[in-house]
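A.B. asks: Could you have a look at this structure, given as structure tokens, before my questions?
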Amino acid sequence: MKLRSLLPGVFLVLIFFSAALLSYIWTPFDVTLIDIKSRFQAPDTTHWLGTDHYGRDMLSMLMVGARTSIAVAIVAVGIGMLFGVPLGLAAAANRGRFLDEAIMRGNDLVFAFPALLIAIMITAVYGPGAVNAIIAIGIFNIPVFARLSRGAALSLWKRDFILAARAAGKNTTRISFEHILPNITNLLIVQGTIQFSLGILAEAGLSFVGLGAQPPIPSWGRMLADSQTLIMLEPRLALLPGLAILLTVLGLNLLGDGLRDWLDPRLRRER
Amino acid sequence: MLRYLFKRSLILLATLFVASLVVFITIEVVPGDPASYMLGLNAQEDTVAALRAELGLDKSKPARYISWVSGLLTGDFGTSYTYRTPVADMVRDRMWVSLPLAIFALLLSTIIAFPAGVYAASHRGGITDTIVMAFTQLGVAIPNFWFAMLLVLLFAIKLSWFSAGGFPGWDAGFFQALKSLTLPAIALALPQASILTRVMRSSLLDVLNEDFMRTARAKGLTRRKALWKHALRNAMIPVLTIIGLQFSFLLAGAIIIENVFYLPGLGRLIFQSIASRDLIVVESVVMLLVMAVVLVTFAVDLAYAWVDPRLRGTR
Amino acid sequence: MSIHDTPILHDVSLELKPGAVLGIIGESGSGKSMTALSIMQLLPHGASLTGDIIFDGLDIVEATEEQMCDIRGNDIGMVFQEPMTALNPVQTIGSQVAECIALHMPVSHRESVKQAAAVLERVGLPNNQFPLSRYPHELSGGQRQRVVIAIAVALQPKLLIADEPTTALDVTTQAEILTLLQRLVKDSDMAMMLITHDLAVVSEVADDIVIMRNGRVVDHGKTSNIFDELAHPYTRALFEASSHAPERLNEAKQIEPLVKLTNLVCEYPLPRKTFFGARQVFRAVNEVSLTIHAGESVGLVGESGCGKSTLARALLGLSPIQGGSILLHGERLQAGVALSRKVRRELQVVFQDPYSSFNPRHRVARLVAEPLHVLDNPPTGTERANLVRATLESVGLSGDDADKYIHEFSGGQRQRIAIARALIIRPALIILDEAVSALDVSVRAQVLDLLAGLADSHQLAYLFISHDLSVVRNITDRVLVMKAGQIVERGNTESVFNDPQHEYTKRLLAAAPQLPASASQTG
């Protein structure tokens with residue numbers, strides 16, 4: 001029905017994913033190469049997007065930066081799903097009992113710590129790094145997925161086909177995996193893309209304040225932080241990484257919206 | 001109603017208790033010896049010993065936890081190691097920047113989102129709806145600190161309407177201070193307003209499809225009146241949830257935005273403390289922020305009961 | 001009338017007179033609700049209407065939105081099917097009724113509240129018992145429906161449209177609401193349009209009847225004439241289906257007790273009233289004893305909340321029991337413990353809602369084969385596929401349906417698949433929990449025939465749980481009447497229906513709408 005957001009979403013996401021993947025085998029220039037002589041070069045045929053204040057190639061920096069952002073966000077969403085979904089399913093299967101209450105209160109507790117605070121605590125003790133960013137964003141993702149899967153599973157548990165499966169003698173674990181999980185996959189995929197885009201924003205924010213990936217690994221947030229003092233001199237250094245974040249997140253959100261419309265059983269239901 | 005209040009209060013207290021344990025354990029127990037951590041590798045034996053005594057590290061861990069919490073409750077947050085001043089004083093000064101900033105941003109975002117969401121929902125599919133939705137797509141995707149930099153570039157550097165950063169203090173006059181918070185608040189508010197607009201719109205659209213809206217129309221209410229009198233209050237329930245969540249995002253966002261505008265708020269304090277390994281300040285500020293988030297969640301729970309009579313239980 | 005160029009209604013013509021009740025009958029999808037919404041001009045987005053609707057001299061099709069807002073609630077009131085969702089949950093009932101009055105009359109707020117109180121009294125909600133400050137969630141379904149009616153009749157409209165006003169209610173409540181509607185029509189000389197799928201309801205209330213099918217009027221006339229003549233073939237078919245009694249070959253021989261419940265008790269914990277007080281419990285099933293013999297069909301009748309579904313769930317081992325015992329083939333089922341495979345094999349269930357009974361992501365083959373895993377040696381591969389095909393064919397579907405998804409089937413077909421799922425492991429007893437309640441009458445008749453045939457060919461016993469007395473009467477050997485967790489009457493179906501002993505049974509039977517006797521005999 002409404003697939004107009006799916007295509008641009010897929011297009012944008014593909015661009016940044018392929019740039020990130022390509023950066024593992026090839027970048028136009030070496031991003032660790034500091035060449036003060038060629039700094040602040042405007043875009044030309046050698047440096048398509050120009051160079052930064054150390055003479056590094058901006059396009060190469062952005063490609064490796066995409067890799068950092070995407071890697072951190074993917075692992076963080078993975079952590080969230082891996083722990084959150086089973087917790088949510090278990091809570092729903094034991095509705096109203098102790099386990100459910102314990103899991104939900106645990107969720108509330110984690111919600112009291114925004115990802116940034118977790119990152120701050122970890123950094124204060126262990127020092128900054130990309131792994132800290134992953135852990136902080138990942139922990140914050142767990143209750144998101146737990147809550148989502150619990151809510152969706154609860155409404156499924158009321159449906160007669162679950163009762164029928166129980167009447168057929170299947171136990172709750174088996175029902176959770178055979179009947180509940182396949183019916184919430186769409187929801188998880190859609191939420192996954194949304195959390196993915198939030199993860200990219202969060203990673204950029206953490207790197208921006210120095211709590212994320214550390215030099216010499218380029219990351220979009222760090223590039224923005226570096227450009228802050230040079231914004232009057234060379235606005236391009238601030239505009240490019242910001243646009244990269246904006247377009248990636250926009251692409252993921254469009255993809256999420258498009259997927260939701262495409263996968264929504266209410267729109268596809270026949271009869 | 002009382003039952004609901006009582007249960008929510010219990011959950012509030014329990015959450016605060018466990019949260020304080022988590023903060024204490026992460027910052028004071030996990031690193032082993034906080035004193036030698038704070039002083040770094042080259043510290044002298046006797047300096048470390050002196051700091052240990054000052055921090056009370058010779059006492060048992062439960063005793064340290066109790067004295068920290070009771071300090072927090074009485075307003076004694078300990079003494080900063082680097083600045084040698086009471087943490088409470090430092091926090092109090094900075095709070096008068098961070099808190100107004102977060103509230104300013106929350107107000108802005110709500111003021112923008114409400115009319116936009118209601119208008120978009122009641123003119124669904126129209127040209128304005130499409131434009132509003134396109135803007136919110138952009139607003140949700142834009143990193144707020146980058147947006148802040150763009151605002152500085154345009155309004156401070158090119159147009160010189162605002163200063164690029166810094167804070168004159170409330171003593172310099174209310175409007176002077178407010179003016180220096182305006183760009184940061186806009187940078188914080190616009191992305192949040194986009195989210196809120198979308199939630200407001202979709203929540204309202206859901207309610208408009210409910211049976212009781214048909215009843216309202218069958219009474220002879222016009223579309224607009226039915227929306228104002230029957231749909232809006234029902235649509236508020238998910239919107240309140242998001243407003244509550246946003247406050248914690250705004251607080252966290254404020255920490256980052258303060259760095260763009262060089263505002264002397266809690267965010268600057270926390271990063272300076274991390275750089276100087278001043279764990280005492282970090283610990284207290286983190287706990288303070290957690291408390292703020294939990295209290296706002298509690299307030300949202302109360303607002304639920306106000307909006308939705310079903311939560312107050314039957315008589 | 002058409003929606004997005006899909007024609008929904010064709011050449012529908014009907015006429016309403018003041019002080020008379022017009023019944024509109026049709027099965028789902030016949031366009032009867034759309035006709036009502038056309039009069040209110042509250043059609044869904046994209047709908048377009050041609051023709052004339054003359055109300056009190058004004059052509060509603062040509063009326064402006066402003067004129068319609070004046071008419072709605074003032075001259076035409078409307079009552080909807082689902083009382084649970086028809087009221088705004090965050091406003092008091094008083095303000096919802098008063099709003100309607102204040103909207104159309106130049107009165108003060110205080111005056112509108114006073115009038116609202118009077119209207120609520122008139123629909124049977126006395127103010128001392130149901131103060132205006134009540135919220136909808138504090139009322140039962142029937143009480144909520146009275147509030148909806150109060151809103152509709154607050155300003156003494158000339159026309160009242162009631163769209164399935166009693167479908168979601170119990171029989172005794174239904175009877176009360178119908179009486180109320182009739183009284184209101186008579187008192188204020190208004191016209192009423194009663195839309196329903198239930199022939200019996202209409203035959204008791206309506207003066208004139210219109211029968212609709214696929215968006216067309218197929219038959220109309222005076223109620224008495226329609227029922228006597230049964231001129232149109234569809235009218236006749238509807239009639240026969242409504243009072244359909246499936247043919248049953250074997251009289252059950254009560255030899256071997258299959259299931260024996262003795263003094264069964266099921267309780268639910270209620271939310272605590274005070275924080276430290278002891279937890280209250282609600283006894284949903286109170287000391288119920290019941291025996292079902294092999295091959296026998298037993299009916300369990302009662303209104304919603306009487307505990308009949310809890311009983312079924314206890315029997316299936318889905319809810320724990322707090323007392324008494326369940327014996328199956330003489331073997332005791334452990335209370336609260338999952339049933340053994342051997343027992344599972346004997347018991348299967350068919351639920352009410354054909355739409356939520358199936359996992360939408362599985363193919364029919366997998367859905368039907370689900371219970372097979374309780375067998376010791378479940379068939380695999382071709383053997384399994386053949387068994388699924390054979391079972392589907394035995395319920396009147398095609399073996400090829402096994403490869404389809406559930407959304408490709410209609411409600412009646414889905415119920416057949418549900419029966420196939422229950423049948424596949426050859427159980428001794430199938431529990432039918434309101435299994436035909438959601439089906440249209442003609443489909444219902446077919447499913448009842450199927451069930452009767454299967455009982456004979458498969459030696460099945462049924463526990464037929466229903467709120468619908470007529471269905472139970474036609475398919476069961478014995479019947480039990482349940483009220484507030486207890487069995488108040490039991491006996492052979494015919495004798496209970498012909499000569500009820502308990503007060504409650506008498507009330508139930510009196511409340512159930514009846515088709516005219518003359519017509520039942522012809523049909």
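In the structure tokens, chains take the letters A, B, ... in the order shown, each chain's residues start at 1, and ligands count up from 1 in the order shown.
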Residues of chain A within 10 Å of chain B, counting only C-alpha atoms, what are they? List them as an MDAnalysis selection string.

C.D. replies: chainID A and resid 105:106 108:118 120:128 197:198 200:202 204:206 208:211 221 224:225 227:229 231:232 235 238:239 241:243 245:254

A.B. asks: Can you build me a table of chain A residues sitting at most 12 Å from chain C, with the closest atom pair per residue and its distance in Å to one decimal, using only C-alpha atoms, sorted by chain and residue number, as CSV?

C.D. replies:
```
residue,atom,partner,partner_atom,distance
A:Gly96,CA,C:Pro271,CA,11.3
A:Ser155,CA,C:Ser356,CA,11.0
A:Leu156,CA,C:Ser356,CA,9.2
A:Trp157,CA,C:Ser356,CA,10.7
A:Lys158,CA,C:Ser356,CA,9.1
A:Arg159,CA,C:Ser356,CA,5.5
A:Asp160,CA,C:Ser357,CA,4.4
A:Phe161,CA,C:Ser357,CA,4.0
A:Ile162,CA,C:Ser357,CA,7.7
A:Leu163,CA,C:Leu318,CA,8.1
A:Ala164,CA,C:Val349,CA,7.1
A:Ala165,CA,C:Glu370,CA,7.4
A:Arg166,CA,C:Leu318,CA,7.2
A:Ala167,CA,C:Leu316,CA,6.1
A:Ala168,CA,C:Pro371,CA,4.9
A:Gly169,CA,C:Arg344,CA,6.6
A:Lys170,CA,C:His373,CA,8.7
A:Asn171,CA,C:Ala338,CA,8.7
A:Thr172,CA,C:Ala338,CA,11.1
A:Ile175,CA,C:Asn359,CA,11.0
A:Glu178,CA,C:Asn359,CA,9.7
A:His179,CA,C:Asn359,CA,6.8
A:Ile180,CA,C:Asn359,CA,9.0
A:Leu181,CA,C:Arg361,CA,10.7
A:Pro182,CA,C:Arg361,CA,7.3
A:Asn183,CA,C:Arg361,CA,7.0
A:Ile184,CA,C:Arg361,CA,10.6
A:Thr185,CA,C:Arg361,CA,10.8
A:Asn186,CA,C:Arg361,CA,11.4
A:Pro265,CA,C:Pro360,CA,9.4
A:Arg266,CA,C:His407,CA,11.6
A:Arg268,CA,C:His407,CA,10.0
A:Arg269,CA,C:His407,CA,7.1
A:Glu270,CA,C:His407,CA,6.3
A:Arg271,CA,C:His407,CA,7.4
```

A.B. asks: Could those residues be written to a file, using N, CA and C atoms, as an mmCIF file, in the first residue's frame?

C.D. replies:
```
data_model
loop_
_atom_site.group_PDB
_atom_site.id
_atom_site.type_symbol
_atom_site.label_atom_id
_atom_site.label_comp_id
_atom_site.auth_asym_id
_atom_site.auth_seq_id
_atom_site.Cartn_x
_atom_site.Cartn_y
_atom_site.Cartn_z
ATOM 1 N N GLY A 96 2.071 -11.986 35.664
ATOM 2 C CA GLY A 96 1.543 -11.777 37.009
ATOM 3 C C GLY A 96 2.290 -12.520 38.087
ATOM 4 N N SER A 155 -0.618 -10.078 24.330
ATOM 5 C CA SER A 155 -1.860 -10.076 23.546
ATOM 6 C C SER A 155 -1.999 -11.384 22.771
ATOM 7 N N LEU A 156 -0.867 -11.990 22.405
ATOM 8 C CA LEU A 156 -0.964 -13.281 21.712
ATOM 9 C C LEU A 156 -1.409 -14.390 22.663
ATOM 10 N N TRP A 157 -0.937 -14.330 23.905
ATOM 11 C CA TRP A 157 -1.296 -15.385 24.864
ATOM 12 C C TRP A 157 -2.799 -15.457 25.080
ATOM 13 N N LYS A 158 -3.497 -14.322 24.812
ATOM 14 C CA LYS A 158 -4.947 -14.334 25.002
ATOM 15 C C LYS A 158 -5.661 -14.976 23.831
ATOM 16 N N ARG A 159 -4.951 -15.143 22.716
ATOM 17 C CA ARG A 159 -5.620 -15.653 21.519
ATOM 18 C C ARG A 159 -5.921 -17.141 21.660
ATOM 19 N N ASP A 160 -6.987 -17.554 20.958
ATOM 20 C CA ASP A 160 -7.430 -18.940 21.092
ATOM 21 C C ASP A 160 -6.424 -19.946 20.549
ATOM 22 N N PHE A 161 -5.614 -19.538 19.543
ATOM 23 C CA PHE A 161 -4.721 -20.560 18.997
ATOM 24 C C PHE A 161 -3.644 -20.952 19.993
ATOM 25 N N ILE A 162 -3.342 -20.038 20.915
ATOM 26 C CA ILE A 162 -2.401 -20.397 21.977
ATOM 27 C C ILE A 162 -3.092 -21.367 22.943
ATOM 28 N N LEU A 163 -4.357 -21.053 23.260
ATOM 29 C CA LEU A 163 -5.127 -21.967 24.117
ATOM 30 C C LEU A 163 -5.198 -23.343 23.484
ATOM 31 N N ALA A 164 -5.425 -23.356 22.157
ATOM 32 C CA ALA A 164 -5.511 -24.634 21.455
ATOM 33 C C ALA A 164 -4.193 -25.385 21.562
ATOM 34 N N ALA A 165 -3.069 -24.649 21.425
ATOM 35 C CA ALA A 165 -1.762 -25.302 21.537
ATOM 36 C C ALA A 165 -1.557 -25.838 22.950
ATOM 37 N N ARG A 166 -2.029 -25.064 23.942
ATOM 38 C CA ARG A 166 -1.907 -25.545 25.320
ATOM 39 C C ARG A 166 -2.780 -26.771 25.524
ATOM 40 N N ALA A 167 -3.994 -26.704 24.937
ATOM 41 C CA ALA A 167 -4.880 -27.862 25.059
ATOM 42 C C ALA A 167 -4.279 -29.069 24.365
ATOM 43 N N ALA A 168 -3.419 -28.830 23.358
ATOM 44 C CA ALA A 168 -2.757 -29.942 22.693
ATOM 45 C C ALA A 168 -1.562 -30.417 23.505
ATOM 46 N N GLY A 169 -1.313 -29.800 24.641
ATOM 47 C CA GLY A 169 -0.311 -30.317 25.561
ATOM 48 C C GLY A 169 1.088 -29.763 25.380
ATOM 49 N N LYS A 170 1.222 -28.619 24.705
ATOM 50 C CA LYS A 170 2.575 -28.068 24.563
ATOM 51 C C LYS A 170 2.919 -27.199 25.768
ATOM 52 N N ASN A 171 4.198 -27.224 26.177
ATOM 53 C CA ASN A 171 4.567 -26.423 27.344
ATOM 54 C C ASN A 171 4.877 -24.988 26.939
ATOM 55 N N THR A 172 5.010 -24.108 27.941
ATOM 56 C CA THR A 172 5.087 -22.674 27.651
ATOM 57 C C THR A 172 6.334 -22.311 26.845
ATOM 58 N N ILE A 175 5.644 -23.232 23.285
ATOM 59 C CA ILE A 175 4.676 -22.308 22.683
ATOM 60 C C ILE A 175 5.335 -20.966 22.400
ATOM 61 N N GLU A 178 7.492 -21.598 19.281
ATOM 62 C CA GLU A 178 6.809 -22.053 18.072
ATOM 63 C C GLU A 178 5.719 -21.088 17.613
ATOM 64 N N HIS A 179 5.012 -20.505 18.572
ATOM 65 C CA HIS A 179 3.849 -19.697 18.200
ATOM 66 C C HIS A 179 4.051 -18.213 18.439
ATOM 67 N N ILE A 180 4.649 -17.854 19.569
ATOM 68 C CA ILE A 180 4.746 -16.428 19.901
ATOM 69 C C ILE A 180 5.844 -15.757 19.070
ATOM 70 N N LEU A 181 7.048 -16.313 19.120
ATOM 71 C CA LEU A 181 8.180 -15.659 18.463
ATOM 72 C C LEU A 181 7.930 -15.398 16.974
ATOM 73 N N PRO A 182 7.450 -16.393 16.197
ATOM 74 C CA PRO A 182 7.227 -16.104 14.770
ATOM 75 C C PRO A 182 6.207 -14.993 14.550
ATOM 76 N N ASN A 183 5.275 -14.838 15.482
ATOM 77 C CA ASN A 183 4.251 -13.818 15.303
ATOM 78 C C ASN A 183 4.704 -12.440 15.738
ATOM 79 N N ILE A 184 5.845 -12.335 16.433
ATOM 80 C CA ILE A 184 6.315 -10.987 16.787
ATOM 81 C C ILE A 184 7.572 -10.619 16.005
ATOM 82 N N THR A 185 7.994 -11.486 15.095
ATOM 83 C CA THR A 185 9.225 -11.201 14.346
ATOM 84 C C THR A 185 9.140 -9.871 13.606
ATOM 85 N N ASN A 186 8.008 -9.626 12.949
ATOM 86 C CA ASN A 186 7.860 -8.377 12.205
ATOM 87 C C ASN A 186 8.082 -7.175 13.099
ATOM 88 N N PRO A 265 0.201 -6.985 9.246
ATOM 89 C CA PRO A 265 -0.847 -7.919 8.818
ATOM 90 C C PRO A 265 -2.183 -7.226 8.629
ATOM 91 N N ARG A 266 -2.389 -6.092 9.299
ATOM 92 C CA ARG A 266 -3.673 -5.422 9.162
ATOM 93 C C ARG A 266 -3.852 -4.895 7.745
ATOM 94 N N ARG A 268 -2.367 -6.263 5.134
ATOM 95 C CA ARG A 268 -2.303 -7.354 4.161
ATOM 96 C C ARG A 268 -3.440 -8.350 4.329
ATOM 97 N N ARG A 269 -4.172 -8.197 5.438
ATOM 98 C CA ARG A 269 -5.186 -9.200 5.728
ATOM 99 C C ARG A 269 -6.191 -9.289 4.592
ATOM 100 N N GLU A 270 -6.508 -10.497 4.221
ATOM 101 C CA GLU A 270 -7.468 -10.670 3.143
ATOM 102 C C GLU A 270 -8.858 -10.901 3.720
ATOM 103 N N ARG A 271 -9.816 -11.015 2.843
ATOM 104 C CA ARG A 271 -11.229 -11.098 3.173
ATOM 105 C C ARG A 271 -11.773 -9.735 3.553
#
```

A.B. asks: Output as a PyMOL selection string the set of chain B residues within 8 Å of chain C, with distances taken over only C-alpha atoms.

C.D. replies: chain B and resi 3+210-215+217-222+230+233-234+307-310+314-315

A.B. asks: Mind listing the helix (DSSP H, G or I) residues of stretch 207-411 of chain C, per DSSP on the backbone, as a PyMOL selection string?

C.D. replies: chain C and resi 223-229+233-242+308-315+341-344+364-374+381-394+399-403+406-408+411

A.B. asks: Show me, as a ChimeraX atom specification, the residues that have an atom within 10 Å of C:Tyr504 when counting only C-alpha atoms, minus same-chain residues fewer than 3 positions from it.

C.D. replies: /C:302,481-483,488-489,500-501,507-510

A.B. asks: Would you list the contacts of A:Tyr54 as an MDAnalysis selection string, taking every protein, DNA or RNA residue within 12 Å and counting only C-alpha atoms, but skipping same-chain residues closer than 2 positions in sequence?

C.D. replies: chainID A and resid 31:41 50:52 56:58 61 223 226:227 237

A.B. asks: In terms of the shortest atom-to-atom distance over only C-alpha atoms, which of B:Leu5, B:Leu196, B:Leu288, B:Leu302 is closest to B:Leu107?

C.D. replies: B:Leu196

A.B. asks: As a compact mmCIF listing (two decimals) with C-alpha atoms, in the first residue's frame, please: the residues near B:Leu106 (cut-off 9 Å, only C-alpha atoms, same-chain neighbours under 6 positions excluded).

C.D. replies:
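Result saved to result-v8.txt:
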```txt
# COMPACT_ATOMS: atom_id res chain seq x y z
CA ALA B 185 17.02 24.80 24.12
CA LEU B 188 17.42 20.11 22.22
CA ALA B 189 13.73 20.69 21.59
CA GLN B 192 12.13 15.84 20.60
CA ALA B 193 9.25 17.87 19.19
CA ILE B 243 6.94 13.12 27.54
CA GLN B 246 11.82 12.57 26.81
CA PHE B 247 12.78 14.21 30.03
CA LEU B 250 16.64 15.89 27.46
```
